[in-house]
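The next block holds one structure in the form of structure tokens; read it before the comments.
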Amino acid sequence: MKAKESNSHFDSKVRECSNFTVREIKKVCKEIGPRPSGEENEQKAQDYVENLMGGIADEVKRESFDVHPKAFMSWVLIDGAGMLIAAVLMILAHLNVIPQASGAFRIASIIISAAAIALLLGEFLFYREFIDFLFPKRTSSNVIAVRKAAGETKRRIIFAGHIDSAYEWRFTHMGGGKFLVTMIALGIGSLVLTLAMAIVSLFADEGIPAIVMTVLQAVTIPIFIAVLFFVNWKLCVTGANDNLTGVFASMAVIKYLKDNDIRFENTEVAAVSTGCEECGLRGAKAFAKAHAKDFAEEGVETVFMAVDTLHDYDYLGIYNKDMTGLVALDSQASKMAQKATQICGLDIPYATVSFGSSDAAAAQQGGIKSVALAAMDPTPARYYHTREDTANILDMKTIETGLKIMLETTFLFDEQGLRDEY
């Protein structure tokens, strides 16, 4: 049975659940506000989700985990400061201000630049916890709401959205996605240029090459200074779309099943509100670490769908590649989700998270078959990690369509499970 066949008034019932989603988002934005990763408001929001779902789901669990929330984006500040020092050292070396120290300046610049690249790759590209131990520890949590199967549980589908919101990215706020991408490109380009010139200068730093490198290096200094202001640590955004839409659309799946008295015989449906996605997918990592082994050992076929930022209808996508394209999500789960979009009468292509990552990547790496559903302009969107991400710009059409896709995915999974073809 398809989801749209589960109720003769399917569209109106989905609209009711979409209204529930919007209403709850607005309430959290108004009564709780911004939710920095691992901080008090994140926990207040999780308290709210836990209490809300207590009256909707069969079971609600709260799982805590330790996190160092300021570590993830602080690598930008560390890299910016380090590269500013490296650039100054190279200018001093090119100008031969202290002749006896010029060689040491070049070597120091190479070491700093290489370390900055390693930090960029480790913290951002691979989401590793390289420098977490340097920052204060906090306690965060995941809230898991479950609608149990009527009989023996043979399948499990999990929808997830993250409750925390990001500190503002100044360049996105100042000039939108294209300006952000330009500044990132300039920052990374200047980093690589500094390392390359430092290496070259070990072998050729006289005459015209030295003058050229001095000028080029001087140009990088304002760029490195700008990098220091990439994150506005004084302003945490509201995050209505990114990603309260994912949290409450996931919860709305369970609400739809409850409101329409639908309980699958052998399929359990779960909705997870993860913490600390904005500081490196820490909540999804903790969830996978806590459950992936048990899921495998109990022999229950399990699939995880991350739902993130249901706002830009024209960019609805089933994401089969994640973490800046480096993580392949599960092919069967991706095909199932795409088939669900076709049941909805849509032609939605596969997409890649080409900048950043979603909770699906952490779940997939942790051993749970995963896919992601999102609807955000990949430029990225003007509201992405800025103060513009408020409840005033919620898009009902996109939320409702996203919920229909999630429901059709649920019914398809219950009926057929994961397959190579649908």
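Here's how to read the names in the structure tokens: chain A, B, ... by the order shown, residue numbers from 1 in each chain, ligand numbers from 1 in the order shown.
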
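Residue neighbourhood of A:Phe355, excluding near-sequence residues (fewer than 6 positions): Phe124, Leu125, Phe126, Gly177, Leu180, Val181, Ile184, Lys321, Asp322, Met323, Thr324, Gly325, Leu326, Met376, Asp377, Pro378, Thr379 and Pro380 of chain A, at 12 Å, using only C-alpha atoms.
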
Kindly provide the residues of stretch 180-239 of chain A that approach stretch 82-87 of chain A to within 9 Å, each paired with its closest atom pair and their distance in Å to one decimal, based on only C-alpha atoms, listed by chain and increasing number, as JSON lines.
```
{"residue": "A:Ser190", "atom": "CA", "partner": "A:Met83", "partner_atom": "CA", "distance": 8.8}
{"residue": "A:Leu191", "atom": "CA", "partner": "A:Met83", "partner_atom": "CA", "distance": 6.8}
{"residue": "A:Thr194", "atom": "CA", "partner": "A:Ala87", "partner_atom": "CA", "distance": 6.7}
{"residue": "A:Leu195", "atom": "CA", "partner": "A:Ala86", "partner_atom": "CA", "distance": 8.8}
{"residue": "A:Gln217", "atom": "CA", "partner": "A:Ala87", "partner_atom": "CA", "distance": 6.1}
{"residue": "A:Ala218", "atom": "CA", "partner": "A:Ala87", "partner_atom": "CA", "distance": 7.4}
{"residue": "A:Thr220", "atom": "CA", "partner": "A:Ala87", "partner_atom": "CA", "distance": 7.3}
{"residue": "A:Ile221", "atom": "CA", "partner": "A:Leu84", "partner_atom": "CA", "distance": 6.1}
{"residue": "A:Pro222", "atom": "CA", "partner": "A:Leu84", "partner_atom": "CA", "distance": 8.8}
{"residue": "A:Ile223", "atom": "CA", "partner": "A:Leu84", "partner_atom": "CA", "distance": 8.9}
{"residue": "A:Phe224", "atom": "CA", "partner": "A:Leu84", "partner_atom": "CA", "distance": 5.6}
{"residue": "A:Ile225", "atom": "CA", "partner": "A:Leu84", "partner_atom": "CA", "distance": 7.0}
```

Contacts of stretch 237-310 of chain A with stretch 24-29 of chain A up to 12 Å, shortest pair per row, only C-alpha atoms, as a tab-separated table:
```
residue	atom	partner	partner_atom	distance
A:Val237	CA	A:Cys29	CA	10.1
A:Thr238	CA	A:Cys29	CA	6.4
A:Gly239	CA	A:Cys29	CA	8.1
A:Ala240	CA	A:Ile25	CA	6.3
A:Asn241	CA	A:Ile25	CA	8.6
A:Asp242	CA	A:Ile25	CA	10.8
A:Asn243	CA	A:Ile25	CA	9.5
A:Leu244	CA	A:Ile25	CA	5.9
A:Thr245	CA	A:Ile25	CA	7.1
A:Gly246	CA	A:Ile25	CA	10.0
A:Val247	CA	A:Ile25	CA	8.8
A:Phe248	CA	A:Glu24	CA	7.1
A:Ala249	CA	A:Ile25	CA	9.8
A:Met251	CA	A:Glu24	CA	10.3
A:Ala252	CA	A:Glu24	CA	10.2
```

Resulting file, chosen residues, C-alpha atoms, as a CSV table (one decimal), in the first residue's frame:
```csv
chain,number,residue,atom,x,y,z
A,237,VAL,CA,21.0,32.1,14.3
A,238,THR,CA,17.4,31.1,14.9
A,239,GLY,CA,17.7,28.1,12.5
A,240,ALA,CA,14.0,27.7,11.7
A,241,ASN,CA,14.7,26.1,8.4
A,242,ASP,CA,18.2,24.7,9.2
A,243,ASN,CA,17.0,22.6,10.8
A,244,LEU,CA,13.8,22.7,12.8
A,245,THR,CA,12.1,21.7,9.5
A,246,GLY,CA,13.9,18.4,9.6
A,247,VAL,CA,13.2,17.9,13.3
A,248,PHE,CA,9.5,18.4,13.2
A,249,ALA,CA,8.9,16.9,9.8
A,251,MET,CA,8.2,13.9,14.3
A,252,ALA,CA,5.2,14.6,11.9
```

Can you tell me which residues surround stretch 253-260 of chain A at a distance of at most 9 Å, considering only C-alpha atoms, apart from same-chain residues fewer than 2 positions away, and format the answer as a list in words?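 Listing them by chain and then by number gives Ser6, Asn7, Lys13, Val14, Glu16, Cys17, Phe20, Met53, Ile56, Ala57, Ala145, Val146, Arg147, Phe159, Phe248, Ala249, Ser250, Met251, Ile262, Arg263, Val269, Ala270, Ala271, Leu403, Met406, Leu407 and Thr410 of chain A.
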
Which parts of stretch 193-321 of chain A does DSSP call helix (DSSP H, G or I) when run on the backbone here, written out as a ChimeraX atom specification? /A:193-201,208-227,240-259,282-298,313-315

Do a neighbour search on A:Thr386 at 10 Å with only C-alpha atoms, toss out local chain neighbours closer than 5 positions, and write the hits as a PDB file with C-alpha atoms, in the first residue's frame.
```pdb
ATOM      1  CA  SER A 165      21.486  26.079  15.173  1.00  0.00           C
ATOM      2  CA  ALA A 166      24.713  27.625  13.906  1.00  0.00           C
ATOM      3  CA  TYR A 167      26.676  30.709  14.799  1.00  0.00           C
ATOM      4  CA  GLU A 168      26.323  33.208  11.985  1.00  0.00           C
ATOM      5  CA  TRP A 169      28.671  33.093   9.009  1.00  0.00           C
ATOM      6  CA  ARG A 170      29.443  36.744   8.342  1.00  0.00           C
ATOM      7  CA  PHE A 171      30.229  36.458   4.645  1.00  0.00           C
ATOM      8  CA  THR A 172      26.934  34.743   3.850  1.00  0.00           C
ATOM      9  CA  HIS A 173      25.087  37.468   5.733  1.00  0.00           C
ATOM     10  CA  MET A 174      27.073  40.202   4.016  1.00  0.00           C
ATOM     11  CA  GLY A 176      25.019  35.689   0.124  1.00  0.00           C
ATOM     12  CA  ASN A 232      30.263  35.719  14.366  1.00  0.00           C
ATOM     13  CA  LEU A 235      25.257  35.715  17.175  1.00  0.00           C
ATOM     14  CA  CYS A 236      23.684  32.271  17.037  1.00  0.00           C
ATOM     15  CA  VAL A 237      20.997  32.143  14.340  1.00  0.00           C
ATOM     16  CA  THR A 238      17.394  31.064  14.867  1.00  0.00           C
ATOM     17  CA  GLY A 239      17.703  28.085  12.532  1.00  0.00           C
ATOM     18  CA  ALA A 381      21.161  29.924   0.128  1.00  0.00           C
TER      19      ALA A 381
END
```

So the first atom is atom CA of A:Glu59 and the second is atom CA of A:Ala45; what is the distance between them in Å, to one decimal place?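 Interatomic distance, atom CA of A:Glu59 to atom CA of A:Ala45: 18.2 Å.
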
Restricting the calculation to only C-alpha atoms, which member of A:Glu265, A:Glu40, A:Glu123, A:Asp330 is positioned closest to A:Ala372?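 Of the candidates, the smallest distance to A:Ala372 is held by A:Asp330.
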
DSSP on the backbone: which residues in stretch 163-283 of chain A end up as strand (DSSP E)? Give the answer as an MDAnalysis selection string. chainID A and resid 167:169 231:236 267:274

For those residues, write C-alpha atoms to a file as an mmCIF file, in the first residue's frame.
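As written to disk, part-v9.cif reads:
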```cif
data_model
loop_
_atom_site.group_PDB
_atom_site.id
_atom_site.type_symbol
_atom_site.label_atom_id
_atom_site.label_comp_id
_atom_site.auth_asym_id
_atom_site.auth_seq_id
_atom_site.Cartn_x
_atom_site.Cartn_y
_atom_site.Cartn_z
ATOM 1 C CA TYR A 167 26.676 30.709 14.799
ATOM 2 C CA GLU A 168 26.323 33.208 11.985
ATOM 3 C CA TRP A 169 28.671 33.093 9.009
ATOM 4 C CA VAL A 231 32.218 33.243 12.281
ATOM 5 C CA ASN A 232 30.263 35.719 14.366
ATOM 6 C CA TRP A 233 30.531 34.055 17.756
ATOM 7 C CA LYS A 234 28.254 36.685 19.297
ATOM 8 C CA LEU A 235 25.257 35.715 17.175
ATOM 9 C CA CYS A 236 23.684 32.271 17.037
ATOM 10 C CA THR A 267 8.102 -2.108 10.800
ATOM 11 C CA GLU A 268 9.179 0.237 13.559
ATOM 12 C CA VAL A 269 9.253 3.964 12.761
ATOM 13 C CA ALA A 270 11.557 6.300 14.682
ATOM 14 C CA ALA A 271 12.177 10.040 14.635
ATOM 15 C CA VAL A 272 15.395 11.405 16.094
ATOM 16 C CA SER A 273 16.140 14.970 17.098
ATOM 17 C CA THR A 274 19.926 15.038 17.073
#
```

Which residue of A:Ala362, A:Leu202, A:Leu95, A:Ala375 approaches A:Asp314 most closely, using only C-alpha atoms: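 Smallest distance to A:Asp314 is found for A:Ala375.
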
note - atom CA of A:Leu89 and atom CA of A:Met183 are separated by 22.9 Å

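Interatomic distance, atom CA of A:Asp261 against atom CA of A:Ile343: 22.1 Å.
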
Closest to A:Gln338 among A:Thr398, A:Val200, A:Ile405, A:Ser358, using only C-alpha atoms? A:Ile405

Return the single residue from A:Val22, A:Phe179, A:Ala108, A:Phe135 that is closest to A:Asn392, with distances computed using only C-alpha atoms.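 Once distances to A:Asn392 are computed over only C-alpha atoms, the minimum belongs to A:Val22.
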
Taking 3 positions as the minimum chain separation for residues in the same chain, which residues sit within 12 Å of A:Ala286 when counting only C-alpha atoms? Answer as an NGL selection string. :A and (63-67 or 139-143 or 274-277 or 280-283 or 289-292 or 359 or 362-363 or 365-367)
